[in-house]
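Participant: Take a look at the following structure, please.
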Amino acid sequence: MTPRSPGLLLAVPFAMGLALLSGGACSSSSTPAASPGTKDSGAPHGDAGDTMNEDAGEDADAAFSCAQGCPASTLANTTCVVTVQASLVGASGAPASGLDLLVCGDNLCSLPGQTDSQGATQFELCEAMVLPALKFIGGPGYVSFATAVTQANTTFAPITVFPLPATGAAFPSSAGVVTSGPVTLAVAAGAVTFDPSQADDANTQAFRAAQVDVTKVPAPFPASLGLTVVWGLAPVNATLTPSATLTIPNTEAWPAGSAVDFYMNGVEPAAGVAVPYGAWGPVGTGTVSQDGTTITTDTGAGNGIPVLSMVGVRLHQ
């Protein structure tokens with residue numbers, strides 16, 4: 001069964017973030033998870049369809065049409081987004097149901113679309129969106145990602161979601177190191193600012209890291225980028241000022257002392273973010289340890305991890 005299409009929330013500047021206002025572009029199969037003046041986190045939650053009122057259900061059944069095109073926009077870098085279809089699968093290829101996806105740009109963000117028993121969801125939008133992307137906020141359960149939407153009608157190939165460790169590590173109250181499996185993150189005192197759109201609880205705000213199969217990265221990167229190692233870091237969109245020092249295992253067995261490049265997937269559609277939203281951007285360099293077992297981000301301006309998200313590594317080019 002194809003799930004009803006999520007409606008749209010219209011985002012306008014509000015203080016330091018975006019205000020989400022209910023829009024009439026189309027109806028929703030779920031109740032908005034955001035209030036005016038906040039951003040919807042998009043984190044996985046229970047079946048919101050249980051709270052859908054009768055009127056919303058009737059509207060959702062109405063035929064969708066974008067025959068007249070998207071509303072006119074004077075904003076730069078807009079794409080007329082009509083429909084987006086996506087499906088999520090686990091590492092085994094089995095459908096991943098009950099997870100929420102969003103289609104967000106710098107100016108607009110859809111309501112969450114929850115995946116059905118086949119792992120699928122569909123958005124019917126007909127809106128001009130600035131640099132739109134399909135966005136998944138996995139919370140403490142999964143690696144988060146955002147991948148660009150560049151066409152009016154976009155159907156994504158099945159996207160693999162990667163689970164995070166069940167248990168995370170609390171960030172230190174002062175300067176210190178947090179560890180998740182073989183990954184460590186060294187942070188300065190008071191460096192961590194959590195994303196206010198996500199749950200304010202210890203479990204959500206714990207540090208977690210999971211390796212991502214480079215052949216199934218949920219936010220694909222150009223082949224020319226040549227990333228050969230990818231790790232997902234959480235809590236996603238937690239900012240680190242100053243940038244933190246990340247150490248990961250040298251799974252590629254690169255020679256001791258080798259220089260590497262670090263890249264990151266941008267998951268936040270807002271001004272001032274470290275890397276492009278829905279794409280991959282550089283976040284400095286790193287070096288393989290002298291014993292050849294680990295890789296650590298370099299110190300100095302332009303290096304280190306400024307925000308938590310997926311990171312990819314390649315030998316320096």
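Letters A, B, ... go to the chains of the structure tokens in the order shown; residues in each chain start at 1; ligands are counted from 1 in the same order.
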Could you list, as a ChimeraX atom specification, every residue within 10 Å of Val275 of chain A, counting only C-alpha atoms and ignoring same-chain residues fewer than 2 positions away?
Facilitator: /A:263-269,272-273,277-283,306-307
Participant: When you look at Lys135 of chain A with a cut-off of 6 Å (counting only C-alpha atoms), what residues show up, excluding the ones that are within fewer than 5 positions of it in the same chain? I need them as a list in words.
Facilitator: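 Once the adjacent positions are removed, what remains is Leu101, Leu102, Val103, Phe145 and Ala146 of chain A.
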Participant: Can you tell me, as a PDB file with C-alpha atoms, in the first residue's frame, what residues are no more than 10 Å from segment 81-87 of chain A when counting only C-alpha atoms, ignoring any on the same chain fewer than 2 positions away?
Facilitator:
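What ended up in out08.pdb:
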```
ATOM      1  CA  SER A   5       1.586  11.920   0.845  1.00  0.00           C
ATOM      2  CA  PHE A  64      -2.777  15.340  -6.377  1.00  0.00           C
ATOM      3  CA  SER A  65      -1.971  17.666  -9.242  1.00  0.00           C
ATOM      4  CA  CYS A  66       0.855  20.037 -10.095  1.00  0.00           C
ATOM      5  CA  ALA A  67      -0.379  20.829 -13.589  1.00  0.00           C
ATOM      6  CA  GLY A  69       3.591  24.179 -11.800  1.00  0.00           C
ATOM      7  CA  CYS A  70       5.166  25.228  -8.547  1.00  0.00           C
ATOM      8  CA  THR A  78      15.252  26.804  -6.336  1.00  0.00           C
ATOM      9  CA  THR A  79      13.994  23.502  -7.715  1.00  0.00           C
ATOM     10  CA  VAL A  89      16.218  -1.022   3.697  1.00  0.00           C
ATOM     11  CA  PRO A  95      12.472  -3.200   4.217  1.00  0.00           C
ATOM     12  CA  ALA A  96      12.947  -0.723   7.069  1.00  0.00           C
ATOM     13  CA  SER A  97       9.434   0.297   8.124  1.00  0.00           C
ATOM     14  CA  LEU A  99      11.018   5.373   9.933  1.00  0.00           C
ATOM     15  CA  LEU A 101      11.939  10.876   6.106  1.00  0.00           C
ATOM     16  CA  LEU A 102      11.702  14.564   5.227  1.00  0.00           C
ATOM     17  CA  VAL A 103      12.175  16.641   2.098  1.00  0.00           C
ATOM     18  CA  GLY A 113       6.763  10.702   5.627  1.00  0.00           C
ATOM     19  CA  GLN A 114       6.831   7.399   7.467  1.00  0.00           C
ATOM     20  CA  THR A 115       7.977   4.281   5.620  1.00  0.00           C
ATOM     21  CA  ASP A 116       5.357   1.555   5.219  1.00  0.00           C
ATOM     22  CA  GLN A 118       7.688  -2.225   2.289  1.00  0.00           C
ATOM     23  CA  GLY A 119      10.017   0.492   3.579  1.00  0.00           C
ATOM     24  CA  ALA A 120       8.547   3.029   1.137  1.00  0.00           C
ATOM     25  CA  THR A 121       7.103   6.511   1.366  1.00  0.00           C
ATOM     26  CA  GLN A 122       6.105   9.175  -1.167  1.00  0.00           C
ATOM     27  CA  PHE A 123       5.932  12.970  -1.024  1.00  0.00           C
ATOM     28  CA  GLU A 124       3.577  15.016  -3.220  1.00  0.00           C
ATOM     29  CA  LEU A 125       4.680  18.622  -2.804  1.00  0.00           C
ATOM     30  CA  CYS A 126       4.573  20.931  -5.847  1.00  0.00           C
ATOM     31  CA  GLU A 127       6.726  23.555  -4.146  1.00  0.00           C
ATOM     32  CA  ALA A 128       9.743  25.668  -5.117  1.00  0.00           C
ATOM     33  CA  MET A 129      12.458  24.598  -2.680  1.00  0.00           C
ATOM     34  CA  VAL A 130      15.932  26.052  -2.240  1.00  0.00           C
ATOM     35  CA  PRO A 132      16.183  20.549  -1.533  1.00  0.00           C
ATOM     36  CA  ALA A 133      17.319  17.220  -0.130  1.00  0.00           C
ATOM     37  CA  LEU A 134      15.853  14.000   1.197  1.00  0.00           C
ATOM     38  CA  VAL A 149      16.887  16.279  -4.733  1.00  0.00           C
ATOM     39  CA  THR A 150      17.719  17.764  -8.137  1.00  0.00           C
ATOM     40  CA  GLN A 151      14.718  16.851 -10.306  1.00  0.00           C
ATOM     41  CA  ALA A 152      11.036  17.774 -10.220  1.00  0.00           C
ATOM     42  CA  ASN A 153      10.111  14.111  -9.869  1.00  0.00           C
ATOM     43  CA  THR A 154      12.685  12.012  -8.059  1.00  0.00           C
ATOM     44  CA  THR A 155      12.632   8.309  -7.293  1.00  0.00           C
ATOM     45  CA  PHE A 156      15.541   7.135  -5.178  1.00  0.00           C
ATOM     46  CA  ALA A 157      16.952   3.632  -5.413  1.00  0.00           C
ATOM     47  CA  PRO A 158      16.548   1.747  -2.113  1.00  0.00           C
ATOM     48  CA  ILE A 159      18.591   3.495   0.565  1.00  0.00           C
ATOM     49  CA  THR A 160      20.389   1.436   3.212  1.00  0.00           C
TER      50      THR A 160
END
```
Participant: Compile the contact shell of Thr193 of chain A as a list in words: residues with an atom at most 10 Å away, counting only C-alpha atoms, same-chain residues fewer than 2 positions apart removed.
Facilitator: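 That gives Gly190, Ala191, Asp195, Pro196, Gln205, Asn237, Ala238, Thr239, Leu240, Thr241 and Val307 of chain A.
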Participant: Would you write out those residues with N, CA, C and O atoms, as an mmCIF file, in the first residue's frame?
Facilitator:
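Below is the file that was written, out.cif:
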```cif
data_model
loop_
_atom_site.group_PDB
_atom_site.id
_atom_site.type_symbol
_atom_site.label_atom_id
_atom_site.label_comp_id
_atom_site.auth_asym_id
_atom_site.auth_seq_id
_atom_site.Cartn_x
_atom_site.Cartn_y
_atom_site.Cartn_z
ATOM 1 N N GLY A 190 33.126 22.867 27.112
ATOM 2 C CA GLY A 190 32.018 23.671 26.618
ATOM 3 C C GLY A 190 31.891 23.716 25.122
ATOM 4 O O GLY A 190 31.200 24.595 24.576
ATOM 5 N N ALA A 191 32.510 22.770 24.406
ATOM 6 C CA ALA A 191 32.529 22.827 22.942
ATOM 7 C C ALA A 191 31.248 22.346 22.297
ATOM 8 O O ALA A 191 30.942 22.729 21.169
ATOM 9 N N ASP A 195 21.718 19.885 18.844
ATOM 10 C CA ASP A 195 20.665 20.386 17.967
ATOM 11 C C ASP A 195 19.377 20.540 18.780
ATOM 12 O O ASP A 195 18.839 19.551 19.275
ATOM 13 N N PRO A 196 18.851 21.768 18.924
ATOM 14 C CA PRO A 196 17.663 21.977 19.765
ATOM 15 C C PRO A 196 16.396 21.360 19.194
ATOM 16 O O PRO A 196 15.393 21.242 19.901
ATOM 17 N N GLN A 205 21.552 12.425 23.259
ATOM 18 C CA GLN A 205 22.740 13.278 23.221
ATOM 19 C C GLN A 205 24.043 12.529 23.488
ATOM 20 O O GLN A 205 25.101 13.138 23.592
ATOM 21 N N ASN A 237 24.231 16.743 13.859
ATOM 22 C CA ASN A 237 24.089 18.204 13.904
ATOM 23 C C ASN A 237 24.479 18.826 15.238
ATOM 24 O O ASN A 237 24.248 20.030 15.440
ATOM 25 N N ALA A 238 25.075 18.042 16.142
ATOM 26 C CA ALA A 238 25.673 18.652 17.327
ATOM 27 C C ALA A 238 26.919 19.406 16.859
ATOM 28 O O ALA A 238 27.785 18.831 16.198
ATOM 29 N N THR A 239 27.008 20.690 17.170
ATOM 30 C CA THR A 239 28.149 21.483 16.722
ATOM 31 C C THR A 239 29.258 21.443 17.763
ATOM 32 O O THR A 239 29.004 21.330 18.970
ATOM 33 N N LEU A 240 30.484 21.555 17.283
ATOM 34 C CA LEU A 240 31.675 21.442 18.129
ATOM 35 C C LEU A 240 32.548 22.668 17.895
ATOM 36 O O LEU A 240 33.137 22.828 16.816
ATOM 37 N N THR A 241 32.613 23.545 18.894
ATOM 38 C CA THR A 241 33.373 24.791 18.773
ATOM 39 C C THR A 241 34.268 24.968 19.999
ATOM 40 O O THR A 241 33.766 25.170 21.097
ATOM 41 N N VAL A 307 31.058 19.542 13.304
ATOM 42 C CA VAL A 307 29.672 19.132 13.553
ATOM 43 C C VAL A 307 29.610 17.616 13.361
ATOM 44 O O VAL A 307 30.405 17.043 12.601
#
```
Participant: As an exercise, work out the distance from atom CA of Ala188 of chain A to atom CA of Thr299 of chain A in Å and give it to one decimal place.
Facilitator: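 Atom CA of Thr299 of chain A lies at a distance of 12.9 Å from atom CA of Ala188 of chain A.
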Participant: Pick the closest to Thr287 of chain A from A:Phe207, A:Phe262, A:Phe221, A:Trp231: which is it, counting only C-alpha atoms?
Facilitator: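 For Thr287 of chain A, the nearest of the candidates is A:Phe262.
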Participant: Enumerate as a PyMOL selection string all residues of segment 133-311 of chain A assigned to strand (DSSP E) by DSSP on the backbone, naming them with the chain letters and numbers the document uses.
Facilitator: chain A and resi 133-136+145-148+153-155+159-160+176-180+183-187+192-193+208-212+229-234+239-249+259-265+280-288+294-297+305-307+310-311
Participant: Considering only C-alpha atoms, can you say which of A:Leu308, A:Pro140, A:Thr247, A:Thr204 comes closest to Ala274 of chain A?
Facilitator: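 Of all the options, A:Leu308 lies closest to Ala274 of chain A.
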Participant: When you count only C-alpha atoms, which of these residues is closest to Cys80 of chain A: A:Pro276, A:Gly105, A:Pro255, A:Gly292?
Facilitator: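 The shortest atom-to-atom distance to Cys80 of chain A comes from A:Gly105.
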Participant: Can you list, as a list in words, all residues belonging to segment 49-180 of chain A that DSSP tags as alpha helix (DSSP H)?
Facilitator: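 Residues meeting the alpha helix (DSSP H) criterion: Glu54, Asp55, Ala56, Gly57, Glu58, Asp59, Ala60 and Asp61 of chain A.
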Participant: Okay, now the selection with N, CA and C atoms, as a PDB file, in the first residue's frame?
Facilitator:
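Resulting contents of out.pdb:
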```pdb
ATOM      1  N   GLU A  54     -10.224  13.024  10.642  1.00  0.00           N
ATOM      2  CA  GLU A  54     -11.014  12.578   9.502  1.00  0.00           C
ATOM      3  C   GLU A  54     -10.879  13.522   8.332  1.00  0.00           C
ATOM      4  N   ASP A  55     -10.850  14.848   8.596  1.00  0.00           N
ATOM      5  CA  ASP A  55     -10.736  15.809   7.503  1.00  0.00           C
ATOM      6  C   ASP A  55      -9.419  15.631   6.766  1.00  0.00           C
ATOM      7  N   ALA A  56      -8.328  15.417   7.544  1.00  0.00           N
ATOM      8  CA  ALA A  56      -7.024  15.238   6.912  1.00  0.00           C
ATOM      9  C   ALA A  56      -7.044  14.006   6.025  1.00  0.00           C
ATOM     10  N   GLY A  57      -7.720  12.954   6.482  1.00  0.00           N
ATOM     11  CA  GLY A  57      -7.805  11.737   5.681  1.00  0.00           C
ATOM     12  C   GLY A  57      -8.535  11.977   4.386  1.00  0.00           C
ATOM     13  N   GLU A  58      -9.626  12.765   4.433  1.00  0.00           N
ATOM     14  CA  GLU A  58     -10.372  13.064   3.225  1.00  0.00           C
ATOM     15  C   GLU A  58      -9.537  13.875   2.257  1.00  0.00           C
ATOM     16  N   ASP A  59      -8.767  14.866   2.788  1.00  0.00           N
ATOM     17  CA  ASP A  59      -7.925  15.678   1.926  1.00  0.00           C
ATOM     18  C   ASP A  59      -6.850  14.830   1.263  1.00  0.00           C
ATOM     19  N   ALA A  60      -6.292  13.868   2.039  1.00  0.00           N
ATOM     20  CA  ALA A  60      -5.213  13.042   1.510  1.00  0.00           C
ATOM     21  C   ALA A  60      -5.685  12.172   0.360  1.00  0.00           C
ATOM     22  N   ASP A  61      -6.990  11.834   0.366  1.00  0.00           N
ATOM     23  CA  ASP A  61      -7.519  10.994  -0.686  1.00  0.00           C
ATOM     24  C   ASP A  61      -7.762  11.761  -1.984  1.00  0.00           C
TER      25      ASP A  61
END
```
Participant: When distances are computed from only C-alpha atoms, which of A:Thr245, A:Ser258, A:Asn250, A:Gln211 shows the smallest separation from Val143 of chain A?
Facilitator: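 The answer is A:Gln211, which sits nearest to Val143 of chain A.
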Participant: Need the shell around segment 294-296 of chain A: protein/DNA/RNA residues with any atom at most 10 Å away, counting only C-alpha atoms. Skip same-chain ones fewer than 5 positions apart. Format as a list in words?
Facilitator: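 Close residues of segment 294-296 of chain A: Pro182, Val183, Thr184, Leu185, Thr245, Leu246, Thr247, Ile248, Pro249, Asn250, Thr251, Glu252, Ala253, Trp254, Ala256, Gly257, Ser258, Ala259, Val260, Phe262, Thr285, Gly286, Thr287, Val288, Ser289, Gly304 and Val313 of chain A.
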Participant: Hey, which of A:Gly139, A:Pro220, A:Gly300, A:Pro172 ends up closest to Leu233 of chain A? Count only C-alpha atoms.
Facilitator: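 Among A:Gly139, A:Pro220, A:Gly300, A:Pro172, it is A:Gly139 that comes nearest to Leu233 of chain A.
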